[in-house]
Structure formats: C-alpha cells, structure tokens
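To be precise, the following lines are my_file.txt, and they hold compact mmCIF, C-alpha atoms.
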```txt
# COMPACT_ATOMS: atom_id res chain seq x y z
CA MET A 1 -56.46 -15.73 122.64
CA PRO A 2 -54.95 -19.20 123.26
CA PRO A 3 -51.18 -19.40 123.67
CA PRO A 4 -49.11 -20.03 120.54
CA PRO A 5 -48.24 -23.64 119.72
CA PRO A 6 -45.00 -24.91 121.26
CA ALA A 7 -41.91 -24.90 119.11
CA ASP A 8 -40.92 -28.22 117.55
CA SER A 9 -38.03 -29.96 119.25
CA ALA A 10 -36.38 -30.31 115.82
CA PRO A 11 -36.86 -27.13 113.77
CA SER A 12 -38.10 -27.68 110.24
CA ALA A 13 -35.93 -27.11 107.19
CA LEU A 14 -37.85 -23.95 106.36
CA GLU A 15 -37.25 -22.13 109.61
CA GLY A 16 -35.20 -19.04 108.95
CA SER A 17 -32.40 -17.53 110.98
CA HIS A 18 -34.43 -14.36 111.53
CA ARG A 19 -37.41 -14.55 113.89
CA PHE A 20 -39.88 -11.79 114.70
CA PRO A 21 -42.50 -12.41 117.36
CA CYS A 22 -46.07 -11.31 116.84
CA PRO A 23 -46.88 -8.56 119.38
CA ASN A 24 -50.37 -9.97 119.74
CA CYS A 25 -49.69 -13.62 120.60
CA GLY A 26 -45.92 -14.16 120.58
CA ALA A 27 -45.82 -16.67 117.70
CA ASP A 28 -43.34 -16.13 114.87
CA TYR A 29 -44.20 -13.88 111.97
CA ARG A 30 -43.49 -15.01 108.42
CA PHE A 31 -43.24 -12.90 105.29
CA ASP A 32 -46.18 -13.63 102.96
CA PRO A 33 -45.42 -13.03 99.24
CA ASP A 34 -49.11 -12.67 98.37
CA ALA A 35 -49.77 -10.04 101.01
CA GLY A 36 -46.34 -8.42 100.85
CA ALA A 37 -46.47 -8.21 104.62
CA LEU A 38 -45.57 -10.03 107.83
CA ILE A 39 -48.29 -12.51 108.77
CA CYS A 40 -48.88 -14.40 112.01
CA ASP A 41 -50.35 -17.79 111.11
CA HIS A 42 -51.49 -18.28 114.70
CA CYS A 43 -53.67 -15.22 115.28
CA GLY A 44 -53.80 -13.54 111.85
CA GLN A 45 -51.97 -10.38 112.90
CA ARG A 46 -50.51 -8.50 109.92
CA GLU A 47 -47.77 -5.87 109.66
CA ASP A 48 -46.99 -3.88 106.53
CA LEU A 49 -43.23 -3.70 105.93
CA ARG A 50 -43.40 -0.52 103.88
CA GLY A 51 -44.73 1.67 106.65
CA GLY A 52 -44.97 2.13 110.40
CA PRO A 53 -42.23 0.69 112.60
CA TRP A 54 -40.96 -1.55 109.77
CA ALA A 55 -40.25 1.21 107.27
CA GLY A 56 -36.73 0.91 105.88
CA SER A 57 -34.19 3.56 104.96
CA ALA A 58 -33.31 4.53 101.40
CA LEU A 59 -31.48 2.07 99.17
CA GLN A 60 -27.89 3.31 99.03
CA GLU A 61 -24.74 2.47 97.10
CA GLN A 62 -21.46 1.79 98.93
CA ASP A 63 -17.93 2.85 98.04
CA PHE A 64 -16.01 0.01 96.39
CA ARG A 65 -12.49 1.26 97.17
CA ALA A 66 -13.33 1.84 100.83
CA ALA A 67 -14.67 -1.70 101.11
CA LEU A 68 -11.52 -3.19 99.57
CA ALA A 69 -9.44 -1.21 102.06
CA GLU A 70 -11.66 -2.53 104.87
CA GLN A 71 -12.68 1.02 105.68
CA LEU A 72 -16.44 0.57 105.68
CA PRO A 73 -18.15 1.74 108.86
CA GLU A 74 -18.61 -1.00 111.45
CA ALA A 75 -22.36 -0.54 111.15
CA GLU A 76 -22.14 -1.89 107.59
CA MET A 77 -20.78 -5.24 108.81
CA GLU A 78 -22.50 -8.14 110.55
CA VAL A 79 -21.70 -11.60 111.91
CA THR A 80 -24.04 -14.52 111.22
CA ARG A 81 -23.96 -18.21 112.09
CA VAL A 82 -23.54 -20.30 108.97
CA SER A 83 -22.84 -23.89 108.06
CA ALA A 84 -20.98 -24.95 104.92
CA CYS A 85 -22.30 -27.87 102.89
CA PRO A 86 -19.58 -30.53 102.48
CA ASN A 87 -20.88 -31.36 98.99
CA CYS A 88 -21.58 -28.06 97.18
CA ALA A 89 -19.86 -25.57 99.57
CA ALA A 90 -22.97 -23.41 99.97
CA GLN A 91 -23.04 -21.42 103.21
CA VAL A 92 -26.54 -21.16 104.64
CA GLU A 93 -27.65 -19.37 107.77
CA PHE A 94 -29.29 -21.42 110.53
CA ASP A 95 -31.13 -20.28 113.61
CA PRO A 96 -29.38 -20.93 116.95
CA ASP A 97 -31.60 -23.89 117.86
CA THR A 98 -30.97 -25.87 114.67
CA HIS A 99 -28.34 -28.59 115.04
CA ALA A 100 -28.96 -30.75 111.98
CA SER A 101 -30.64 -30.15 108.67
CA GLU A 102 -29.88 -30.68 105.01
CA CYS A 103 -28.48 -28.44 102.32
CA PRO A 104 -31.29 -26.77 100.38
CA PHE A 105 -29.08 -26.70 97.29
CA CYS A 106 -28.24 -30.39 96.95
CA ALA A 107 -30.12 -32.25 99.75
CA THR A 108 -26.88 -33.33 101.45
CA PRO A 109 -27.24 -33.84 105.24
CA VAL A 110 -25.58 -30.99 107.13
CA VAL A 111 -24.61 -30.88 110.80
CA THR A 112 -24.57 -27.27 111.85
CA GLY A 113 -21.46 -26.07 113.56
CA THR A 114 -20.56 -23.09 115.65
CA GLY A 115 -18.80 -21.24 112.85
CA SER A 116 -19.57 -17.58 112.22
CA ASN A 117 -19.25 -15.46 109.14
CA ARG A 118 -18.36 -11.76 109.22
CA HIS A 119 -19.50 -10.04 106.08
CA ILE A 120 -20.89 -6.89 104.52
CA LYS A 121 -24.55 -6.40 105.36
CA PRO A 122 -27.10 -6.59 102.55
CA LYS A 123 -28.29 -3.23 101.31
CA GLY A 124 -31.24 -4.39 99.26
CA VAL A 125 -33.66 -7.28 99.08
CA LEU A 126 -36.06 -8.35 96.36
CA PRO A 127 -39.00 -9.78 98.32
CA PHE A 128 -40.59 -13.06 97.29
CA ALA A 129 -43.53 -12.43 94.96
CA VAL A 130 -44.23 -16.10 94.12
CA THR A 131 -45.73 -18.29 96.84
CA GLU A 132 -44.49 -21.79 97.58
CA ARG A 133 -47.67 -23.29 96.13
CA ALA A 134 -47.26 -21.35 92.88
CA ALA A 135 -43.56 -22.29 92.69
CA HIS A 136 -44.38 -25.97 93.26
CA LYS A 137 -46.99 -25.91 90.50
CA ALA A 138 -44.57 -24.18 88.13
CA MET A 139 -41.98 -26.88 88.79
CA THR A 140 -44.35 -29.82 88.23
CA ASP A 141 -45.75 -28.16 85.08
CA TRP A 142 -42.20 -27.69 83.83
CA LEU A 143 -41.41 -31.36 84.47
CA GLY A 144 -44.63 -32.39 82.74
CA GLY A 145 -43.66 -30.45 79.62
CA LEU A 146 -40.26 -32.16 79.19
CA TRP A 147 -39.88 -34.84 76.57
CA PHE A 148 -38.68 -38.22 77.87
CA ALA A 149 -38.80 -37.10 81.51
CA PRO A 150 -39.59 -39.94 83.95
CA GLY A 151 -43.24 -39.69 84.95
CA GLY A 152 -42.40 -41.11 88.35
CA LEU A 153 -40.16 -38.12 89.16
CA ARG A 154 -42.93 -35.65 88.35
CA GLU A 155 -45.35 -37.55 90.56
CA TYR A 156 -42.72 -37.85 93.29
CA ALA A 157 -42.04 -34.12 93.12
CA ARG A 158 -45.75 -33.30 93.09
CA LYS A 159 -46.30 -35.25 96.30
CA GLY A 160 -42.89 -34.45 97.73
CA ARG A 161 -41.86 -32.36 100.66
CA ARG A 162 -42.10 -28.62 100.87
CA MET A 163 -39.85 -26.40 98.80
CA GLN A 164 -37.33 -24.12 100.44
CA GLY A 165 -37.30 -20.38 99.96
CA ILE A 166 -33.73 -19.07 99.87
CA TYR A 167 -32.48 -15.53 99.52
CA VAL A 168 -29.41 -15.87 97.29
CA PRO A 169 -26.61 -13.26 97.54
CA TYR A 170 -25.63 -11.08 94.61
CA TRP A 171 -23.38 -8.08 94.08
CA THR A 172 -24.40 -5.14 91.92
CA TYR A 173 -21.80 -2.69 90.62
CA ASP A 174 -22.07 0.83 89.24
CA ALA A 175 -19.14 2.34 87.36
CA GLN A 176 -18.25 5.17 84.98
CA THR A 177 -16.06 4.02 82.08
CA ARG A 178 -14.16 5.98 79.46
CA SER A 179 -12.47 4.03 76.67
CA ARG A 180 -10.03 4.90 73.90
CA TYR A 181 -9.81 2.55 70.96
CA SER A 182 -7.98 2.01 67.69
CA GLY A 183 -8.99 -0.20 64.82
CA GLN A 184 -10.20 -0.29 61.24
CA ARG A 185 -13.47 0.45 59.51
CA GLY A 186 -14.39 -1.85 56.64
CA THR A 187 -16.45 -0.61 53.69
CA VAL A 188 -17.81 -3.27 51.36
CA TYR A 189 -17.69 -2.60 47.62
CA TYR A 190 -18.23 -4.86 44.62
CA VAL A 191 -16.18 -5.62 41.54
CA THR A 192 -17.30 -7.38 38.41
CA GLU A 193 -15.46 -10.58 37.53
CA THR A 194 -15.68 -12.54 34.31
CA TYR A 195 -15.57 -16.33 34.28
CA ARG A 196 -16.50 -19.22 31.98
CA GLN A 197 -19.04 -21.90 32.78
CA ASP A 198 -20.41 -24.58 30.47
CA GLY A 199 -18.53 -23.00 27.60
CA LYS A 200 -20.13 -19.62 28.15
CA THR A 201 -18.68 -16.35 29.42
CA ARG A 202 -20.48 -15.09 32.53
CA THR A 203 -20.02 -12.24 35.01
CA ARG A 204 -20.57 -11.98 38.74
CA GLN A 205 -20.34 -9.38 41.47
CA VAL A 206 -17.64 -10.15 44.04
CA PRO A 207 -17.59 -8.31 47.38
CA LYS A 208 -14.37 -6.67 48.52
CA VAL A 209 -13.58 -4.73 51.70
CA ARG A 210 -11.73 -1.43 51.86
CA TRP A 211 -10.17 -0.93 55.30
CA THR A 212 -9.52 2.50 56.85
CA ALA A 213 -7.62 3.13 60.09
CA VAL A 214 -9.77 4.73 62.79
CA SER A 215 -9.53 5.70 66.45
CA GLY A 216 -11.89 7.30 68.91
CA ARG A 217 -13.41 7.37 72.37
CA VAL A 218 -16.57 5.97 73.92
CA GLN A 219 -17.95 6.25 77.42
CA ARG A 220 -20.67 4.43 79.30
CA PHE A 221 -22.10 4.50 82.81
CA PHE A 222 -22.92 1.03 84.07
CA ASP A 223 -25.81 0.74 86.53
CA ASP A 224 -26.41 -2.39 88.63
CA VAL A 225 -24.21 -4.90 86.82
CA LEU A 226 -25.42 -8.09 88.50
CA VAL A 227 -23.00 -10.80 89.69
CA LEU A 228 -23.91 -13.97 91.57
CA ALA A 229 -22.07 -14.08 94.92
CA SER A 230 -22.84 -17.74 95.59
CA LYS A 231 -21.13 -21.01 94.65
CA GLY A 232 -24.03 -23.17 95.80
CA LEU A 233 -25.79 -23.25 92.42
CA PRO A 234 -24.41 -24.01 88.95
CA LYS A 235 -23.97 -20.87 86.89
CA ARG A 236 -26.16 -22.24 84.10
CA TYR A 237 -29.13 -22.32 86.50
CA THR A 238 -28.77 -18.84 87.91
CA GLU A 239 -28.16 -17.19 84.54
CA ALA A 240 -31.23 -18.95 83.15
CA LEU A 241 -33.35 -17.44 85.96
CA GLU A 242 -32.71 -13.95 84.62
CA PRO A 243 -33.99 -11.35 84.05
CA TRP A 244 -34.60 -9.84 87.47
CA ASP A 245 -36.53 -6.60 87.80
CA LEU A 246 -34.16 -4.76 90.15
CA SER A 247 -36.41 -1.71 90.10
CA GLN A 248 -38.48 -3.63 92.66
CA LEU A 249 -35.60 -3.82 95.17
CA GLU A 250 -36.50 -2.75 98.68
CA PRO A 251 -34.08 -1.38 101.27
CA TYR A 252 -32.90 -4.37 103.27
CA GLN A 253 -34.86 -5.28 106.36
CA PRO A 254 -34.34 -8.64 108.07
CA GLN A 255 -38.12 -8.91 108.44
CA TYR A 256 -38.30 -9.87 104.75
CA LEU A 257 -36.38 -13.02 105.70
CA ALA A 258 -38.98 -14.18 108.23
CA GLY A 259 -39.83 -17.77 107.32
CA PHE A 260 -37.00 -18.05 104.78
CA ARG A 261 -33.31 -18.81 104.77
CA ALA A 262 -30.48 -16.63 103.49
CA GLU A 263 -27.22 -17.80 101.96
CA ALA A 264 -23.99 -16.04 102.86
CA TYR A 265 -21.89 -14.84 99.96
CA THR A 266 -18.88 -16.98 99.03
CA VAL A 267 -17.69 -14.84 96.09
CA ASP A 268 -15.88 -11.87 97.62
CA LEU A 269 -16.36 -8.27 96.51
CA GLU A 270 -13.15 -8.02 94.47
CA THR A 271 -13.71 -11.32 92.64
CA GLY A 272 -17.25 -10.26 91.90
CA PHE A 273 -16.03 -6.99 90.38
CA ALA A 274 -13.66 -8.90 88.11
CA LYS A 275 -16.66 -10.86 86.80
CA ALA A 276 -18.62 -7.64 86.41
CA GLY A 277 -15.67 -6.24 84.46
CA GLN A 278 -16.00 -9.05 81.92
CA ARG A 279 -19.63 -8.10 81.30
CA MET A 280 -18.67 -4.43 81.04
CA ASP A 281 -15.92 -5.24 78.54
CA ARG A 282 -18.38 -7.00 76.26
CA ALA A 283 -20.72 -4.01 76.35
CA ILE A 284 -17.83 -1.60 75.69
CA GLU A 285 -16.73 -3.68 72.71
CA ARG A 286 -20.24 -3.39 71.25
CA ASP A 287 -20.10 0.36 71.78
CA VAL A 288 -16.73 0.55 70.01
CA ARG A 289 -17.97 -1.44 67.01
CA PHE A 290 -20.98 0.86 66.75
CA ASP A 291 -18.73 3.93 66.97
CA ILE A 292 -16.37 2.59 64.29
CA GLY A 293 -19.34 2.12 62.01
CA GLY A 294 -19.02 0.97 58.41
CA ASP A 295 -19.94 -2.49 57.20
CA ARG A 296 -17.30 -4.36 59.17
CA GLN A 297 -15.02 -3.55 62.08
CA ARG A 298 -11.63 -4.59 63.32
CA ILE A 299 -10.58 -3.63 66.85
CA ALA A 300 -6.85 -3.33 67.45
CA GLY A 301 -7.06 -2.28 71.09
CA ILE A 302 -9.27 -0.78 73.79
CA ASP A 303 -7.93 1.10 76.81
CA THR A 304 -10.60 1.62 79.47
CA GLN A 305 -10.44 3.83 82.55
CA VAL A 306 -12.91 2.90 85.30
CA SER A 307 -13.95 5.38 88.00
CA ASP A 308 -16.63 6.09 90.61
CA VAL A 309 -17.18 2.41 91.40
CA THR A 310 -19.91 1.65 93.90
CA PHE A 311 -21.61 -1.58 94.89
CA LYS A 312 -24.49 -3.15 96.78
CA HIS A 313 -24.84 -6.52 98.46
CA ILE A 314 -28.39 -7.63 97.65
CA LEU A 315 -30.52 -10.73 98.21
CA LEU A 316 -32.70 -12.22 95.46
CA PRO A 317 -35.50 -14.76 96.07
CA VAL A 318 -35.22 -18.35 94.82
CA TRP A 319 -37.42 -21.34 95.56
CA MET A 320 -35.45 -24.59 95.60
CA ALA A 321 -36.16 -28.28 95.60
CA ALA A 322 -33.70 -31.16 95.64
CA TYR A 323 -35.11 -34.67 95.19
CA LYS A 324 -33.29 -37.96 95.36
CA TYR A 325 -35.02 -40.27 92.89
CA ARG A 326 -33.72 -43.75 92.13
CA GLY A 327 -30.27 -42.96 93.46
CA LYS A 328 -29.83 -39.64 91.67
CA THR A 329 -30.31 -36.10 92.99
CA TYR A 330 -32.34 -33.69 90.86
CA ARG A 331 -32.23 -29.97 91.66
CA PHE A 332 -34.79 -27.41 90.61
CA VAL A 333 -34.78 -23.64 91.10
CA ILE A 334 -37.61 -21.17 90.58
CA ASN A 335 -37.22 -17.40 90.28
CA GLY A 336 -39.11 -16.13 93.33
CA GLN A 337 -40.09 -12.96 91.50
CA SER A 338 -41.19 -14.24 88.07
CA GLY A 339 -41.78 -17.97 88.58
CA ARG A 340 -39.28 -18.97 85.86
CA VAL A 341 -38.11 -22.59 86.35
CA GLN A 342 -34.73 -24.19 85.71
CA GLY A 343 -33.32 -27.52 86.76
CA GLU A 344 -31.48 -30.68 85.86
CA ARG A 345 -32.94 -32.27 82.76
CA PRO A 346 -34.14 -35.77 83.74
CA TYR A 347 -34.42 -38.53 81.15
CA SER A 348 -36.31 -41.81 81.24
CA ALA A 349 -34.39 -44.63 79.58
CA VAL A 350 -37.67 -46.57 79.25
CA LYS A 351 -39.39 -43.71 77.40
CA ILE A 352 -36.42 -43.19 75.10
CA ALA A 353 -36.26 -46.92 74.29
CA ALA A 354 -40.02 -47.00 73.65
CA ALA A 355 -39.78 -43.98 71.33
CA ALA A 356 -36.87 -45.56 69.44
CA LEU A 357 -38.83 -48.82 69.09
CA ALA A 358 -41.92 -46.98 67.87
CA ALA A 359 -39.84 -45.08 65.30
CA ALA A 360 -38.28 -48.33 64.09
CA VAL A 361 -41.75 -49.88 63.68
CA VAL A 362 -42.98 -46.91 61.66
CA ILE A 363 -39.93 -46.97 59.40
CA ALA A 364 -40.31 -50.73 58.87
CA ALA A 365 -44.01 -50.30 58.04
CA ILE A 366 -43.24 -47.54 55.51
CA ALA A 367 -40.56 -49.70 53.90
CA TYR A 368 -42.92 -52.72 53.74
CA PHE A 369 -45.75 -50.84 52.04
CA ALA A 370 -43.30 -49.12 49.67
CA GLY A 371 -42.02 -52.56 48.65
CA GLN A 372 -45.54 -53.79 47.89
CA GLN A 373 -46.12 -51.09 45.31
```

Entire entry expressed as structure tokens:
Amino acid sequence: MPPPPPADSAPSALEGSHRFPCPNCGADYRFDPDAGALICDHCGQREDLRGGPWAGSALQEQDFRAALAEQLPEAEMEVTRVSACPNCAAQVEFDPDTHASECPFCATPVVTGTGSNRHIKPKGVLPFAVTERAAHKAMTDWLGGLWFAPGGLREYARKGRRMQGIYVPYWTYDAQTRSRYSGQRGTVYYVTETYRQDGKTRTRQVPKVRWTAVSGRVQRFFDDVLVLASKGLPKRYTEALEPWDLSQLEPYQPQYLAGFRAEAYTVDLETGFAKAGQRMDRAIERDVRFDIGGDRQRIAGIDTQVSDVTFKHILLPVWMAAYKYRGKTYRFVINGQSGRVQGERPYSAVKIAAAALAAAVVIAAIAYFAGQQ
C-alpha cells in the first residue's frame, strides 16, 4: 500500500477539527452519509460507528439545575479551539494547523486565533444523511424554481466551490409542567331580531355569547423541546429547516464529525431554557383552551409549576453555502437529514423589468383590440 498523500500546507475549508487516522494506511477518515460509516478515501478502509470499538454509550439527559449551579461532572465538560467571525459572531471549531479560513455562515475571511471555549459536551448527534452532492443539487434546483431569480447566480452556484458541512448546536429540554388556570367559557346562542328593509319587515338570527366563569388544572410533560444554540444563522432560516426527526439521534461520538466542522454554542443553557419556556407556554395555553371547552374561551390567568427539568446539548447537520455575487452575499442552508433548502431570496432586476414590460404590452394589446370592437 503506497503512503497516504501529504497534507496540504493550507488546510481546506472543509477540514474538521476532529481527525481519526485510518489504521490501515494512516490517512484521515471521513464520515460518509451514504454509508453511515467512517471511510478512508485513500485505501477504502471502512469502520461502522454503531459497533465494534466505535460503539457509543446510551443517549442520556442531564440535570438542568446542576448545570446552572456549575455542578456537572468534569467529564461532561470540554475545551475546544474556536474562532469568532467578526461579521456574524458564529464560533466555529478549527483544527490546530489552520491559521486562516473563512466563515462558513457568511463567507467573511477569518484569521484563527488561540482562543479556547470551555463548554458542555454534546450528548447527541444527528449524523449527516444527505451527501454534499445531493445538497448541492437540492440548492441549485431550489434556485431554479424561484421566480425572478438571477440565472447567473444559479449557474455560479452550480459551478461554485464545495459546500461546507456544519454541525449546528441545539439544546433540547424535557420538563414536567402543572398549570392552574382561571377564565371564562363562552357558549354561543342565537336570538331572533326583527328589522325593516325595502319597506318590508324581516327577521334574522343574531349570535350572542353567554360567558361562565371556570377554573381548572392541566398538566403536560414536554419531551425534547428544541432550541437553536447558535447566533450564526438567522432564525428564519433555522426554523424553516424543521422538522428534525430526533428519534434518529445517536449518542455523541466525535467520529461523526470527521470531515465536518462543528459550531460552538453561543446561546447559553439558561437563555435557551427561557426560549423553550415560550414554546411551552404556547402549548399550555392551547391545552387550557381545550380544557375550558365551549365555543369560545377567555383566559384570565395561568400559573405554571415546572419540575424535573433535564437537557441535552446536541448537534444537528446543516450543509451551507455562502456566495458573493455581484457585490452581494447570498447564504443557503440545507437540512443535512431531509435535504430541505432555505436561503436568501435573490431577485433579478432585469427579469422583473422584463416581466413588467411584457405585462404592459399585453394590457396595451388587450385595450387596443377592445377599442376596435
């Protein structure tokens, strides 16, 4: 077996911060979404991550209160080398040999520093299921289906550089909630009214609402309330990538990151729980309205007790591309599990002007022929 190729003097943008040498030839493994395994591109060696020496432990929840009190075991913490983008504030891990690269979120040049980030280790990872080639095709197809999108951008993206696979940090929260509420139940009834119209006496049914004071209790267990722990992507992008099938989460193993990058979380655990609480409140309000019943509901107040809060730090797969086209940066993100595409909506002023001109011509033609009749 010939020796592995020498490492590039300037590591590529897709090199991850986690490297695992092939035991056969010494070249770096990469995680292959198609195979669901570690693959050595040099000699073809393959290692299954779900068995043998790579088998992970069970996926476990962590105690929220202990984490806030900084009482998690030291084994649950880690320190990684990260660099913050000066434009979008994303914090992305870099391998020790990388000194300059660009932000995968916004294509801003980044000089890597010597800063380190101490944080809670990931507990789960959703491995990439969509390959780079499939993600690239999904993006160009999405661009091709947009009205008034510049054709040059689609062609530029189709021929452009490789996409970047990023594991984006999220928090999940479990919690037991018990809520007491007070409000009113509305029952709709109808009364007959008499009125005059056009000199005639008519009747009509008019709806009225009879309100009754009510109170009660509801409870709900929340499982895996998902909160983005990154500030590198606009919220409208990440929410549009949902849903994620979290039943496919695997216990975290750094081997899944081979060949990819991972972003460090920038939304802390407590802030994330506050955002999760907003989603819980909306669900509890729906439960209360259902419990009140009737035709209409008024809620005077809800008092919720939250207990047994646990959390997980997990990593979800996203393919990213950032292209600078005619002085403007366009960002596209693809769900690495489902292939769903979101991005900045590009418009072509030339296409819009042409469409407006064509519409004006059609209207003028219709008006001309209508005037001849």

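Atom CA of Pro169 of chain A lies 14.6 Å from atom CA of Glu78 of chain A.
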
Students should find that atom CA of Ala58 of chain A and atom CA of Gln71 of chain A are spaced 21.4 Å

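Neighbouring residues of segment 286-301 of chain A at 7 Å or closer, counting all atoms listed in the file and skipping chain neighbours under 2 positions away, are Tyr181, Ser182, Gly183, Gln184, Arg185, Gly186, Thr187, Val188, Val218, Arg282, Ala283, Ile284 and Asp303 of chain A.
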
Write out, as a JSON list (two decimals), in the coordinates of the input, the residues just selected, with C-alpha atoms.
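Now in part-v4.json:
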```json
[["chain", "number", "residue", "atom", "x", "y", "z"],
["A", 181, "TYR", "CA", -9.81, 2.55, 70.96],
["A", 182, "SER", "CA", -7.98, 2.01, 67.69],
["A", 183, "GLY", "CA", -8.99, -0.20, 64.82],
["A", 184, "GLN", "CA", -10.20, -0.29, 61.24],
["A", 185, "ARG", "CA", -13.47, 0.45, 59.51],
["A", 186, "GLY", "CA", -14.39, -1.85, 56.64],
["A", 187, "THR", "CA", -16.45, -0.61, 53.69],
["A", 188, "VAL", "CA", -17.81, -3.27, 51.36],
["A", 218, "VAL", "CA", -16.57, 5.97, 73.92],
["A", 282, "ARG", "CA", -18.38, -7.00, 76.26],
["A", 283, "ALA", "CA", -20.72, -4.01, 76.35],
["A", 284, "ILE", "CA", -17.83, -1.60, 75.69],
["A", 303, "ASP", "CA", -7.93, 1.10, 76.81]]
```

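Considering the residues A:Arg118, A:Arg261, A:Lys275, A:Arg217 and counting only C-alpha atoms, Val79 of chain A has its shortest atom-to-atom contact with A:Arg118.
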
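Using all atoms listed in the file for every distance, the candidate list A:Ile120, A:Met280, A:Ala66, A:Val191 yields A:Met280 as the residue closest to Val306 of chain A.
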
Atomic distance atom CA of Gln255 of chain A - atom CA of Ala321 of chain A, expressed in Å with one decimal: 23.3 Å

Would you pick out the contacts of segment 234-243 of chain A at 7 Å or less, using all atoms listed in the file, so that residues sharing its chain but fewer than 5 positions from it are not included, and give the list as a ChimeraX atom specification? /A:335,340,342-343

Excluding Gln305 of chain A and residues on its chain fewer than 5 positions from it, collect all residues at most 7 Å away from it, counting only C-alpha atoms, and give them as a list in words. Thr177, Arg178 and Ser179 of chain A

Nearest residue to Asp41 of chain A from the set A:Leu68, A:Cys22, A:Leu59, A:Tyr170 (distances using only C-alpha atoms): A:Cys22
